[in-house]
Number of protein chains: 2
Amino acid sequence: MTILECFYFSIASYTMIYFNNVTIIGVGLIGGSLAKVLKAKNLAGRITGAGRSRETLEQALRLGVIDSMGQGSIHAVEKADLVVLASPVGAFENIVLEIGPHLKAGAILTDVGSVKGALIKIIENAIPPNTHYVPAHPIAGREKTGVAEATDTLFERRRCIITPTARTDRAALAAVRELWVAAGADVSIMDAELHDKIFAAVSHLPHVAAFAMMSAVAELNTGTEDYLQFSGAGFRDFTRIAASSPEMWRDICLMNKSNLVEMIDRYLHSLNQLKRDIEAGDGNRLEKHLKQASDVRKGLD
Amino acid sequence: MTILECFYFSIASYTMIYFNNVTIIGVGLIGGSLAKVLKAKNLAGRITGAGRSRETLEQALRLGVIDSMGQGSIHAVEKADLVVLASPVGAFENIVLEIGPHLKAGAILTDVGSVKGALIKIIENAIPPNTHYVPAHPIAGREKTGVAEATDTLFERRRCIITPTARTDRAALAAVRELWVAAGADVSIMDAELHDKIFAAVSHLPHVAAFAMMSAVAELNTGTEDYLQFSGAGFRDFTRIAASSPEMWRDICLMNKSNLVEMIDRYLHSLNQLKRDIEAGDGNRLEKHLKQASDVRKGLD
């Protein structure tokens with residue numbers, strides 16, 4: 001299955017969606033921003049926040065991002081027409097095992113996880129057959145985290161990828177798609193397996209590479225010289241994503257293990273190729289390899 | 001030798017520098033911007049441009065960046081009080097072999113190369129003893145290139161590192177330092193060997209890593225799916241420096257070979273460590289390694 005343009009939603013997308021009760025589990029940057037979209041676009045009645053950190057939920061309540069705090073995830077989802085999983089993906093399994101039996105009939109469960117294949121298996125096994133899971137991934141990661149950074153414009157003109165499965169309900173898929181369209185996102189429908197391959201390449205590998213770069217350079221930075229004070233804009237751009245949440249990236253790396261390891265191997269291969277060109281002093285070969293990379297990058301923006 | 005704050009220049013820096021004749025060899029972004037600084041601050045009489053591309057020189061002349069075009073480098077340097085080497089560093093050896101015998105007595109030769117140790121050996125061997133070489137490296141690399149992008153503000157609040165040698169004339173050093181201070185740069189004096197170690201880490205390695213990343217991901221991009229259309233801000237930031245000039249980076253890599261290969265090895269080690277954590281599914285170890293990197297990056301800006 002390749003990337004599909006879902007023309008069959010062209011009528012559905014004019015239908016107004018509305019959820020009486022929405023529960024967002026994990027009210028951080030992404031969950032909080034989605035809550036703000038729901039409020040700004042009048043797509044929800046009551047928004048309940050849930051999650052492990054009471055402090056975060058109290059902050060979200062104070063900021064008006066949510067209307068109430070769930071007393072435990074179970075209670076928080078019982079009335080929900082829409083449940084959004086927005087915690088770090090590693091927490092999803094325990095959450096769905098806990099809330100699954102308490103979802104009401106017809107409830108839509110969706111998520112914002114950066115990995116899809118492994119999560120789909122876990123979630124579809126854990127929820128009752130009369131509920132509807134729609135896997136989604138908004139591409140709006142920023143290095144900033146937390147509900148205080150949440151904004152209803154976070155998803156505007158950003159991509160959101162929905163990866164329906166054989167089991168996904170058409171109407172639920174249409175509703176979740178409409179929610180992301182309302183958020184201003186450019187929605188694609190894609191197979192989960194392809195999604196995970198693509199994001200191993202364009203997102204998960206660059207994060208691993210940036211974390212590794214910081215480690216390699218930081219080790220040098222322990223002498224009397226502060227190497228990092230000489231880092232220019234290039235280095236700072238290159239390593240910016242290494243400031244991202246270690247917990248979140250731990251989970252993503254482990255949940256997309258095989259695709260990511262394959263990409264790390266491809267990257268190691270490219271690095272070793274350049275290293276060999278440099279060691280051999282082979283200027284022609286080195287320039288050829290650098291030029292191939294540069295030409296692709298120039299085509300990007 | 002460590003990074004020195006050159007207090008002994010505190011008086012000299014109030015002296016007005018002025019060069020009757022300046023020759024800039026390589027009138028691209030850096031050379032052109034320095035020419036604009038010389039004009040904007042009234043530090044030069046006549047600025048002559050030289051270099052291999054007649055087209056570039058004609059453009060620089062049309063833009064008013066230079067006052068005349070040298071008919072060959074030799075002729076262009078004969079009257080010069082200050083000669084600035086601003087070509088790709090790989091071209092320096094042939095240039096100094098050609099111009100060396102034609103420099104006038106007392107002329108100051110400086111450069112803007114990103115590598116210092118190997119260049120110093122080449123240049124000090126090629127110029128007459130009655131001329132003065134002052135090695136310099138302004139940290140103002142941008143992905144954009146060419147004289148059309150040149151601006152007299154390019155070096156403002158950017159670092160410029162000067163790496164004098166045992167042979168460097170004090171007065172010439174003071175003059176070049178003052179030139180960069182006039183450009184608005186934050187000037188450091190440093191040993192060339194330390195410079196090359198630091199820049200292998202904070203600049204040359206990230207460039208190699210970005211070029212390698214583009215190669216690794218571009219290889220995937222040959223099927224029916226355009227992976228790169230899904231790349232987010234993180235990927236674009238991460239790979240921006242891969243759009244830099246392959247020729248320039250070929251030369252820098254080869255001229256800082258041993259430091260750079262050492263840094264590539266350190267980087268390969270860090271990448272392999274994260275890969276092992278991921279393959280082993282060792283969440284604790286992986287999070288620990290990611291957190292160490294993230295903490296250093298957060299301290300950076």
# chains A, B, ... in the order shown; residues from 1 in each chain; ligands from 1
$ residues_around --residues "segment 207-211 of chain A" --least-positions-apart "5" --cutoff "7 Å" --atoms "only C-alpha atoms" --output "PyMOL selection string"
(chain A and resi 238-239+241-242) or (chain B and resi 271+290+293-294)
$ write_last_selection --atoms "C-alpha atoms" --output "CSV table (one decimal), in the first residue's frame"
chain,number,residue,atom,x,y,z
A,238,PHE,CA,22.8,20.2,13.7
A,239,THR,CA,22.5,19.3,17.3
A,241,ILE,CA,17.1,18.2,18.2
A,242,ALA,CA,19.5,16.6,20.7
B,271,LEU,CA,26.5,6.0,17.2
B,290,LEU,CA,20.3,10.2,25.4
B,293,ALA,CA,23.7,14.3,25.3
B,294,SER,CA,20.5,16.2,25.8
$ interface_residues --of "chain A" --to "chain B" --cutoff "6 Å" --atoms "only C-alpha atoms" --output "list in words"
Ile198, Val202, Phe211, Ala212, Met214, Ser215, Ala216, Tyr227, Ser231, Asp237, Phe238, Ala242, Ala243, Pro246, Arg250, Leu254, Arg266, Tyr267, Ser270, Leu271, Ile278, Glu287, Leu290, Lys291, Ala293, Ser294, Arg297 and Lys298 of chain A
$ residues_around --residues "Leu85 of chain B" --least-positions-apart "4" --cutoff "9 Å" --atoms "only C-alpha atoms" --output "list in words"
Thr23, Ile24, Ile25, Gly26, Gly31, Val89, Phe92, Ile95, Val96, Leu109, Thr110, Asp111, Val112 and Gly113 of chain B
$ write_last_selection --atoms "C-alpha atoms" --output "PDB file, in the first residue's frame"
ATOM      1  CA  THR B  23      44.213  42.509  -2.866  1.00  0.00           C
ATOM      2  CA  ILE B  24      41.567  39.888  -2.166  1.00  0.00           C
ATOM      3  CA  ILE B  25      42.131  36.551  -3.844  1.00  0.00           C
ATOM      4  CA  GLY B  26      38.770  34.769  -4.056  1.00  0.00           C
ATOM      5  CA  GLY B  31      36.253  37.730   0.609  1.00  0.00           C
ATOM      6  CA  VAL B  89      41.815  26.306   1.130  1.00  0.00           C
ATOM      7  CA  PHE B  92      46.142  28.196  -1.317  1.00  0.00           C
ATOM      8  CA  ILE B  95      48.400  30.622  -5.126  1.00  0.00           C
ATOM      9  CA  VAL B  96      51.129  31.332  -2.581  1.00  0.00           C
ATOM     10  CA  LEU B 109      49.390  38.225   3.914  1.00  0.00           C
ATOM     11  CA  THR B 110      46.389  36.850   5.760  1.00  0.00           C
ATOM     12  CA  ASP B 111      43.754  34.238   5.037  1.00  0.00           C
ATOM     13  CA  VAL B 112      40.256  33.155   6.096  1.00  0.00           C
ATOM     14  CA  GLY B 113      40.787  29.384   5.916  1.00  0.00           C
TER      15      GLY B 113
END
$ residues_around --residues "Arg62 of chain B" --least-positions-apart "5" --cutoff "12 Å" --atoms "only C-alpha atoms" --output "list in words"
Gly49, Glu55, Thr56, Leu57, Asp67, Ser68, Met69, Val147 and Ala148 of chain B
$ select_by_dssp --residues "segment 104-301 of chain B" --states "alpha helix (DSSP H)" --output "count of residues only"
103
$ residues_around --residues "His132 of chain B" --least-positions-apart "4" --cutoff "7 Å" --atoms "only C-alpha atoms" --output "list in words"
Gly106, Ala107, Ile108, Leu109, Thr168, Asp169 and Ala172 of chain B
$ write_last_selection --atoms "N, CA and C atoms" --output "short mmCIF file (atom, residue, chain, number, x, y, z; two decimals), in the first residue's frame"
data_model
loop_
_atom_site.label_atom_id
_atom_site.label_comp_id
_atom_site.auth_asym_id
_atom_site.auth_seq_id
_atom_site.Cartn_x
_atom_site.Cartn_y
_atom_site.Cartn_z
N GLY B 106 57.42 43.95 3.40
CA GLY B 106 56.54 44.48 4.45
C GLY B 106 55.08 44.16 4.22
N ALA B 107 54.74 43.55 3.09
CA ALA B 107 53.33 43.23 2.84
C ALA B 107 52.81 42.25 3.90
N ILE B 108 51.53 42.44 4.24
CA ILE B 108 50.89 41.49 5.16
C ILE B 108 50.02 40.54 4.33
N LEU B 109 50.22 39.24 4.55
CA LEU B 109 49.39 38.22 3.91
C LEU B 109 48.54 37.60 5.00
N THR B 168 55.36 34.94 13.44
CA THR B 168 54.44 36.03 13.12
C THR B 168 54.88 37.37 13.71
N ASP B 169 54.91 38.37 12.86
CA ASP B 169 55.29 39.72 13.25
C ASP B 169 54.20 40.35 14.13
N ALA B 172 52.11 43.16 12.44
CA ALA B 172 51.20 42.60 11.43
C ALA B 172 50.01 41.92 12.12
#
$ atom_distance --atom1 "atom CA of Ser53 of chain A" --atom2 "atom CA of Ala35 of chain A"
17.1 Å
